[in-house]
$ cat work.cif   # mmCIF, C-alpha atoms and all ligand atoms
data_model
#
loop_
_atom_site.label_atom_id
_atom_site.label_comp_id
_atom_site.auth_asym_id
_atom_site.auth_seq_id
_atom_site.Cartn_x
_atom_site.Cartn_y
_atom_site.Cartn_z
CA MET A 1 50.95 -2.62 -132.26
CA GLN A 2 47.58 -3.41 -130.84
CA VAL A 3 46.06 -6.56 -132.39
CA ILE A 4 42.29 -7.09 -132.47
CA VAL A 5 41.18 -10.51 -133.74
CA LEU A 6 37.50 -10.82 -134.66
CA ASP A 7 35.35 -13.60 -136.11
CA ASN A 8 34.98 -12.53 -139.69
CA TYR A 9 35.15 -9.82 -142.33
CA ASP A 10 31.87 -8.19 -141.26
CA ALA A 11 33.13 -7.87 -137.70
CA ILE A 12 36.44 -6.23 -138.66
CA SER A 13 34.63 -3.88 -141.05
CA GLU A 14 32.24 -2.81 -138.31
CA GLN A 15 34.98 -2.39 -135.73
CA ALA A 16 37.04 -0.23 -138.10
CA ALA A 17 33.96 1.88 -138.90
CA ARG A 18 33.28 2.47 -135.20
CA LEU A 19 36.87 3.65 -134.73
CA VAL A 20 36.66 6.01 -137.72
CA GLU A 21 33.32 7.40 -136.52
CA LYS A 22 34.64 7.87 -132.97
CA ASN A 23 37.52 9.91 -134.41
CA ILE A 24 35.10 12.05 -136.46
CA GLN A 25 32.90 12.62 -133.42
CA GLU A 26 35.93 13.81 -131.48
CA ASN A 27 37.22 15.96 -134.35
CA ASP A 28 34.80 16.94 -137.11
CA GLN A 29 37.76 18.29 -139.14
CA LEU A 30 39.48 14.91 -139.16
CA VAL A 31 42.10 14.26 -141.84
CA LEU A 32 41.45 10.67 -142.82
CA GLY A 33 43.88 8.59 -144.88
CA LEU A 34 42.04 6.15 -147.13
CA ALA A 35 42.89 2.94 -148.96
CA THR A 36 41.38 1.13 -151.93
CA GLY A 37 41.11 -2.57 -152.73
CA ALA A 38 38.70 -5.24 -151.57
CA THR A 39 39.51 -5.02 -147.86
CA PRO A 40 38.11 -1.57 -146.97
CA LEU A 41 34.84 -2.11 -148.90
CA GLY A 42 33.04 -3.36 -145.79
CA LEU A 43 34.37 -0.44 -143.77
CA TYR A 44 33.05 1.99 -146.39
CA LYS A 45 29.63 0.27 -146.43
CA ASN A 46 29.48 0.68 -142.65
CA LEU A 47 30.48 4.35 -142.88
CA ILE A 48 27.70 4.93 -145.42
CA SER A 49 25.20 3.28 -143.05
CA GLY A 50 26.52 5.41 -140.20
CA TYR A 51 25.97 8.53 -142.28
CA ASN A 52 22.43 7.47 -143.27
CA ALA A 53 21.27 5.99 -139.99
CA ARG A 54 23.14 8.01 -137.40
CA GLY A 55 23.93 11.25 -139.16
CA ILE A 56 27.73 10.98 -138.93
CA SER A 57 28.75 13.96 -141.06
CA TYR A 58 31.82 14.31 -143.29
CA LYS A 59 31.17 17.97 -144.12
CA ASN A 60 34.46 19.12 -142.64
CA VAL A 61 36.43 15.90 -143.01
CA LYS A 62 39.35 15.80 -145.44
CA THR A 63 40.55 12.57 -147.05
CA ILE A 64 43.92 11.68 -148.52
CA ASN A 65 44.20 8.48 -150.54
CA LEU A 66 47.31 6.35 -150.54
CA ASP A 67 47.82 5.79 -154.23
CA GLU A 68 46.63 5.77 -157.83
CA TYR A 69 47.56 3.77 -160.92
CA LEU A 70 49.65 5.66 -163.45
CA GLY A 71 48.21 5.87 -166.92
CA LEU A 72 44.52 5.68 -166.06
CA GLU A 73 42.21 8.65 -166.59
CA LYS A 74 40.27 9.71 -163.48
CA ASN A 75 37.06 8.35 -164.98
CA HIS A 76 38.53 4.96 -165.96
CA PRO A 77 36.34 2.29 -164.31
CA GLU A 78 39.33 0.87 -162.40
CA SER A 79 40.96 4.12 -161.36
CA TYR A 80 41.05 4.74 -157.63
CA HIS A 81 39.26 8.05 -158.29
CA THR A 82 36.31 6.01 -159.63
CA PHE A 83 36.60 3.48 -156.80
CA MET A 84 36.45 6.11 -154.07
CA SER A 85 33.62 7.98 -155.71
CA GLU A 86 31.50 4.86 -156.20
CA LYS A 87 32.28 3.09 -152.97
CA LEU A 88 32.19 6.02 -150.56
CA PHE A 89 32.26 9.67 -151.58
CA GLN A 90 29.01 9.84 -153.58
CA HIS A 91 27.11 8.26 -150.68
CA ILE A 92 28.14 10.66 -147.90
CA ASP A 93 28.15 14.44 -147.43
CA ILE A 94 31.88 14.94 -148.04
CA ALA A 95 32.89 17.95 -150.18
CA MET A 96 34.80 16.67 -153.20
CA LYS A 97 37.25 19.58 -152.82
CA ASN A 98 38.25 17.99 -149.51
CA THR A 99 39.15 14.65 -151.10
CA PHE A 100 42.66 14.05 -152.42
CA ILE A 101 43.96 11.25 -154.64
CA PRO A 102 47.13 11.38 -156.77
CA ASP A 103 46.48 12.27 -160.42
CA GLY A 104 47.12 9.09 -162.40
CA ASN A 105 47.50 10.93 -165.68
CA PRO A 106 49.73 13.92 -164.96
CA SER A 107 51.95 15.65 -167.51
CA SER A 108 54.87 14.87 -165.19
CA ALA A 109 54.61 12.02 -162.67
CA GLU A 110 57.58 13.39 -160.70
CA GLU A 111 55.93 16.79 -160.36
CA GLU A 112 52.68 15.14 -159.35
CA CYS A 113 54.51 13.34 -156.51
CA ILE A 114 55.91 16.66 -155.26
CA ARG A 115 52.49 18.34 -155.54
CA TYR A 116 50.79 15.50 -153.65
CA GLU A 117 53.32 15.47 -150.84
CA GLU A 118 52.89 19.26 -150.52
CA ILE A 119 49.13 18.78 -150.18
CA ILE A 120 49.69 16.25 -147.40
CA ASP A 121 52.10 18.63 -145.67
CA SER A 122 49.68 21.52 -145.94
CA ILE A 123 46.51 19.81 -144.71
CA GLY A 124 48.09 17.03 -142.65
CA PRO A 125 49.18 15.39 -140.58
CA VAL A 126 46.77 12.58 -141.34
CA ASN A 127 44.99 11.99 -138.04
CA LEU A 128 43.91 8.46 -138.87
CA GLN A 129 45.29 6.33 -141.72
CA ILE A 130 43.46 3.22 -142.97
CA LEU A 131 45.64 0.55 -144.59
CA GLY A 132 45.18 -2.84 -146.20
CA ILE A 133 48.08 -5.23 -146.62
CA GLY A 134 49.18 -6.84 -149.90
CA THR A 135 49.87 -10.57 -150.02
CA ASN A 136 53.51 -9.51 -150.54
CA GLY A 137 53.43 -7.15 -147.53
CA HIS A 138 52.96 -3.94 -149.46
CA ILE A 139 51.22 -0.97 -147.86
CA GLY A 140 49.89 1.57 -150.29
CA PHE A 141 51.90 0.56 -153.34
CA ASN A 142 55.14 0.43 -151.39
CA GLU A 143 56.37 -2.85 -152.79
CA PRO A 144 59.04 -5.19 -151.33
CA GLY A 145 62.47 -3.58 -151.58
CA THR A 146 61.05 -0.12 -150.98
CA ASP A 147 63.16 2.56 -149.33
CA PRO A 148 61.37 3.43 -146.07
CA ASN A 149 62.66 7.01 -146.23
CA MET A 150 60.69 7.91 -149.33
CA SER A 151 57.80 10.32 -149.55
CA THR A 152 55.32 10.20 -152.45
CA HIS A 153 56.94 8.51 -155.44
CA VAL A 154 56.44 6.49 -158.61
CA VAL A 155 56.65 2.72 -158.23
CA GLU A 156 56.85 -0.18 -160.62
CA LEU A 157 54.24 -2.70 -159.52
CA LYS A 158 55.39 -6.23 -158.74
CA THR A 159 53.93 -9.06 -160.78
CA SER A 160 52.29 -10.46 -157.62
CA THR A 161 50.46 -7.15 -157.09
CA ARG A 162 49.38 -6.95 -160.73
CA GLU A 163 48.14 -10.55 -160.52
CA ASP A 164 46.24 -9.83 -157.29
CA ASN A 165 44.53 -6.88 -159.01
CA ALA A 166 43.99 -8.52 -162.42
CA GLN A 167 40.54 -9.72 -161.25
CA PHE A 168 39.32 -6.12 -161.66
CA PHE A 169 40.59 -5.78 -165.25
CA GLN A 170 39.81 -7.69 -168.48
CA SER A 171 43.27 -9.27 -168.43
CA LEU A 172 46.60 -9.10 -166.60
CA ASP A 173 47.97 -7.14 -169.52
CA GLU A 174 45.56 -4.28 -168.82
CA VAL A 175 46.70 -3.83 -165.22
CA PRO A 176 48.93 -0.75 -165.12
CA ARG A 177 52.63 -1.36 -164.55
CA HIS A 178 53.28 1.78 -162.53
CA ALA A 179 51.56 3.76 -159.81
CA ILE A 180 52.03 6.81 -157.63
CA THR A 181 52.04 6.01 -153.93
CA ILE A 182 52.65 7.93 -150.77
CA GLY A 183 55.82 6.56 -149.18
CA ILE A 184 56.44 4.64 -145.98
CA GLN A 185 57.88 7.84 -144.53
CA THR A 186 54.63 9.65 -145.36
CA ILE A 187 52.52 6.84 -143.90
CA LEU A 188 54.52 6.89 -140.67
CA LYS A 189 53.79 10.63 -140.24
CA SER A 190 50.12 9.75 -139.60
CA GLU A 191 49.08 10.14 -135.98
CA GLN A 192 47.21 6.86 -135.83
CA ILE A 193 47.10 3.88 -138.20
CA ILE A 194 44.56 1.09 -138.61
CA ILE A 195 45.62 -1.86 -140.76
CA LEU A 196 42.95 -4.33 -141.85
CA ALA A 197 43.46 -7.92 -142.98
CA SER A 198 40.85 -10.50 -143.88
CA GLY A 199 40.71 -14.00 -145.27
CA LYS A 200 43.13 -16.86 -145.71
CA SER A 201 44.89 -15.20 -148.65
CA LYS A 202 46.32 -12.73 -146.10
CA ALA A 203 47.25 -15.29 -143.45
CA LYS A 204 50.92 -15.55 -144.46
CA ALA A 205 51.27 -11.77 -144.62
CA VAL A 206 49.71 -11.35 -141.17
CA LYS A 207 52.01 -14.01 -139.69
CA ARG A 208 55.02 -12.27 -141.22
CA LEU A 209 53.89 -8.87 -139.97
CA LEU A 210 53.60 -10.19 -136.43
CA GLU A 211 57.11 -11.62 -136.54
CA GLN A 212 58.29 -8.01 -136.00
CA ASN A 213 61.24 -8.41 -138.33
CA VAL A 214 61.51 -4.87 -139.69
CA ASN A 215 62.94 -5.05 -143.21
CA ARG A 216 62.53 -3.69 -146.72
CA ASN A 217 61.42 -6.99 -148.18
CA PHE A 218 58.24 -6.78 -146.16
CA PRO A 219 57.18 -3.11 -146.22
CA ALA A 220 54.35 -3.48 -143.67
CA SER A 221 57.01 -4.39 -141.09
CA PHE A 222 57.94 -0.69 -140.91
CA LEU A 223 54.68 -0.17 -139.03
CA TRP A 224 56.58 -1.47 -136.00
CA LYS A 225 58.38 1.90 -136.06
CA HIS A 226 55.09 3.66 -135.24
CA ASP A 227 53.64 3.57 -131.76
CA HIS A 228 49.95 3.94 -132.52
CA VAL A 229 49.04 1.12 -134.92
CA THR A 230 46.04 -1.17 -134.59
CA LEU A 231 45.83 -4.36 -136.65
CA ILE A 232 42.23 -5.49 -137.02
CA VAL A 233 42.22 -9.00 -138.40
CA ASP A 234 39.72 -11.81 -138.83
CA ARG A 235 40.27 -15.41 -137.73
CA GLU A 236 41.04 -16.67 -141.22
CA ALA A 237 43.79 -14.14 -141.70
CA TYR A 238 45.11 -14.83 -138.20
CA GLN A 239 45.13 -18.63 -138.56
CA PHE A 240 48.88 -19.13 -139.01
CA VAL A 241 49.64 -16.95 -136.01
CA GLN A 242 47.43 -19.13 -133.85
CA SER A 243 49.05 -22.30 -135.17
CA ILE A 244 52.50 -21.25 -133.98
CA LYS A 245 51.32 -20.48 -130.44
P1 LIG A 301 43.06 -5.93 -151.09
O1 LIG A 301 44.43 -5.19 -151.29
O2 LIG A 301 42.32 -5.18 -150.04
O3 LIG A 301 42.38 -5.84 -152.43
O4 LIG A 301 43.37 -7.33 -150.69
C1 LIG A 301 45.15 -4.84 -150.15
C2 LIG A 301 46.34 -4.04 -150.58
O5 LIG A 301 46.84 -4.30 -151.68
O6 LIG A 301 46.74 -3.16 -149.83
#

$ encode --input "work.cif" --output "structure tokens" --more "lines below"
Ligand code: PGA
Amino acid sequence: MQVIVLDNYDAISEQAARLVEKNIQENDQLVLGLATGATPLGLYKNLISGYNARGISYKNVKTINLDEYLGLEKNHPESYHTFMSEKLFQHIDIAMKNTFIPDGNPSSAEEECIRYEEIIDSIGPVNLQILGIGTNGHIGFNEPGTDPNMSTHVVELKTSTREDNAQFFQSLDEVPRHAITIGIQTILKSEQIIILASGKSKAKAVKRLLEQNVNRNFPASFLWKHDHVTLIVDREAYQFVQSIK
């Protein structure tokens, strides 16, 4: 794992955007794995500026999102469909038919998992996967205890995850209890992975990740099984690592 420590959130967002853009310039048909949450917002703002100011085109790029809440309609304000549309897709020249996110309101969640994994198999491998990290070490919605050999599946969200995400809903009660997520096995099929972490709320998770203790209770630790991962982290999120040096 390559570790890049930068001053602050703006710097990690910019660095991640430059890496994404470099990959698109090298391969205009890039298959890009995308994440939601607060962390990649700065990256997406930088990608939108790159599109507007420097003409980086997404015309032939395909995107595959990590996850979606179960039980939310696509147009629900907190669905990841809405998030991606508002924070990135509607501001760049990507074709919506080239963007993929699990359906959060399928007639059968199990069948939706199979369908989504088949999509990934047919258009993948993901060339570059963007990840955030949960305070509990989750990647995508692969929560602690997850089986690393799973492909796309239904998960029950941990209370800590629902509490972290409650800020976006009217109350904790409204945060969905289940989600569809691509699995650790699916994530590890990506050719290259960038994991972003910012702020002191992520400092414990970053320290734990860098301990290299690969285990199910800390799903991000499985990234040590991949040989092309870059952690881009700001000083606040790196602070506990520095203190043990
Ligand atoms: P966050 O979430 O970016 O909102 O902190 C990260 C994650 O849960 O993967």

$ atom_distance --input "work.cif" --atom1 "atom CA of Thr146 of chain A" --atom2 "atom CA of Ile4 of chain A"
27.3 Å

$ closest_residue --input "work.cif" --among "A:Met96, A:Val241, A:Val214, A:Ala179" --to "Leu72 of chain A" --atoms "only C-alpha atoms"
A:Ala179

$ closest_residue --input "work.cif" --among "A:Asn75, A:Thr36, A:Gln192, A:Thr181" --to "ligand LIG 301 (chain A)" --atoms "all atoms listed in the file"
A:Thr36

$ residues_near_ligand --input "work.cif" --ligand "ligand LIG 301 (chain A)" --cutoff "10 Å" --atoms "only C-alpha atoms and all ligand atoms" --output "PDB file with C-alpha atoms, keeping the file's coordinate frame"
ATOM      1  CA  ALA A  35      42.890   2.940-148.960  1.00  0.00           C
ATOM      2  CA  THR A  36      41.380   1.130-151.930  1.00  0.00           C
ATOM      3  CA  GLY A  37      41.110  -2.570-152.730  1.00  0.00           C
ATOM      4  CA  ALA A  38      38.700  -5.240-151.570  1.00  0.00           C
ATOM      5  CA  THR A  39      39.510  -5.020-147.860  1.00  0.00           C
ATOM      6  CA  PRO A  40      38.110  -1.570-146.970  1.00  0.00           C
ATOM      7  CA  LEU A  41      34.840  -2.110-148.900  1.00  0.00           C
ATOM      8  CA  LEU A  66      47.310   6.350-150.540  1.00  0.00           C
ATOM      9  CA  ILE A 130      43.460   3.220-142.970  1.00  0.00           C
ATOM     10  CA  LEU A 131      45.640   0.550-144.590  1.00  0.00           C
ATOM     11  CA  GLY A 132      45.180  -2.840-146.200  1.00  0.00           C
ATOM     12  CA  ILE A 133      48.080  -5.230-146.620  1.00  0.00           C
ATOM     13  CA  GLY A 134      49.180  -6.840-149.900  1.00  0.00           C
ATOM     14  CA  THR A 135      49.870 -10.570-150.020  1.00  0.00           C
ATOM     15  CA  ASN A 136      53.510  -9.510-150.540  1.00  0.00           C
ATOM     16  CA  GLY A 137      53.430  -7.150-147.530  1.00  0.00           C
ATOM     17  CA  HIS A 138      52.960  -3.940-149.460  1.00  0.00           C
ATOM     18  CA  ILE A 139      51.220  -0.970-147.860  1.00  0.00           C
ATOM     19  CA  GLY A 140      49.890   1.570-150.290  1.00  0.00           C
ATOM     20  CA  PHE A 141      51.900   0.560-153.340  1.00  0.00           C
ATOM     21  CA  ASN A 142      55.140   0.430-151.390  1.00  0.00           C
ATOM     22  CA  GLU A 143      56.370  -2.850-152.790  1.00  0.00           C
ATOM     23  CA  THR A 161      50.460  -7.150-157.090  1.00  0.00           C
ATOM     24  CA  ARG A 162      49.380  -6.950-160.730  1.00  0.00           C
ATOM     25  CA  ASP A 164      46.240  -9.830-157.290  1.00  0.00           C
ATOM     26  CA  ASN A 165      44.530  -6.880-159.010  1.00  0.00           C
ATOM     27  CA  GLN A 167      40.540  -9.720-161.250  1.00  0.00           C
ATOM     28  CA  PHE A 168      39.320  -6.120-161.660  1.00  0.00           C
ATOM     29  CA  ILE A 195      45.620  -1.860-140.760  1.00  0.00           C
ATOM     30  CA  LEU A 196      42.950  -4.330-141.850  1.00  0.00           C
ATOM     31  CA  ALA A 197      43.460  -7.920-142.980  1.00  0.00           C
ATOM     32  CA  SER A 198      40.850 -10.500-143.880  1.00  0.00           C
ATOM     33  CA  GLY A 199      40.710 -14.000-145.270  1.00  0.00           C
ATOM     34  CA  SER A 201      44.890 -15.200-148.650  1.00  0.00           C
ATOM     35  CA  LYS A 202      46.320 -12.730-146.100  1.00  0.00           C
ATOM     36  CA  ALA A 220      54.350  -3.480-143.670  1.00  0.00           C
TER      37      ALA A 220
END

$ residues_near_point --input "work.cif" --point "(36.9, 12.2, -140.6)" --cutoff "8 Å" --atoms "only C-alpha atoms" --output "list in words"
Val20, Glu21, Asn23, Ile24, Asn27, Asp28, Gln29, Leu30, Val31, Leu32, Tyr58, Asn60, Val61, Lys62 and Thr63 of chain A

$ closest_residue --input "work.cif" --among "A:Asn65, A:Ser79, A:Ser13, A:Ser221" --to "Val175 of chain A" --atoms "all atoms listed in the file"
A:Ser79

$ closest_residue --input "work.cif" --among "A:Arg208, A:His178, A:Lys200, A:Arg216" --to "Asp234 of chain A" --atoms "all atoms listed in the file"
A:Lys200

$ closest_residue --input "work.cif" --among "A:Leu43, A:Leu70, A:Ile48, A:Ile187" --to "Asp103 of chain A" --atoms "all atoms listed in the file"
A:Leu70
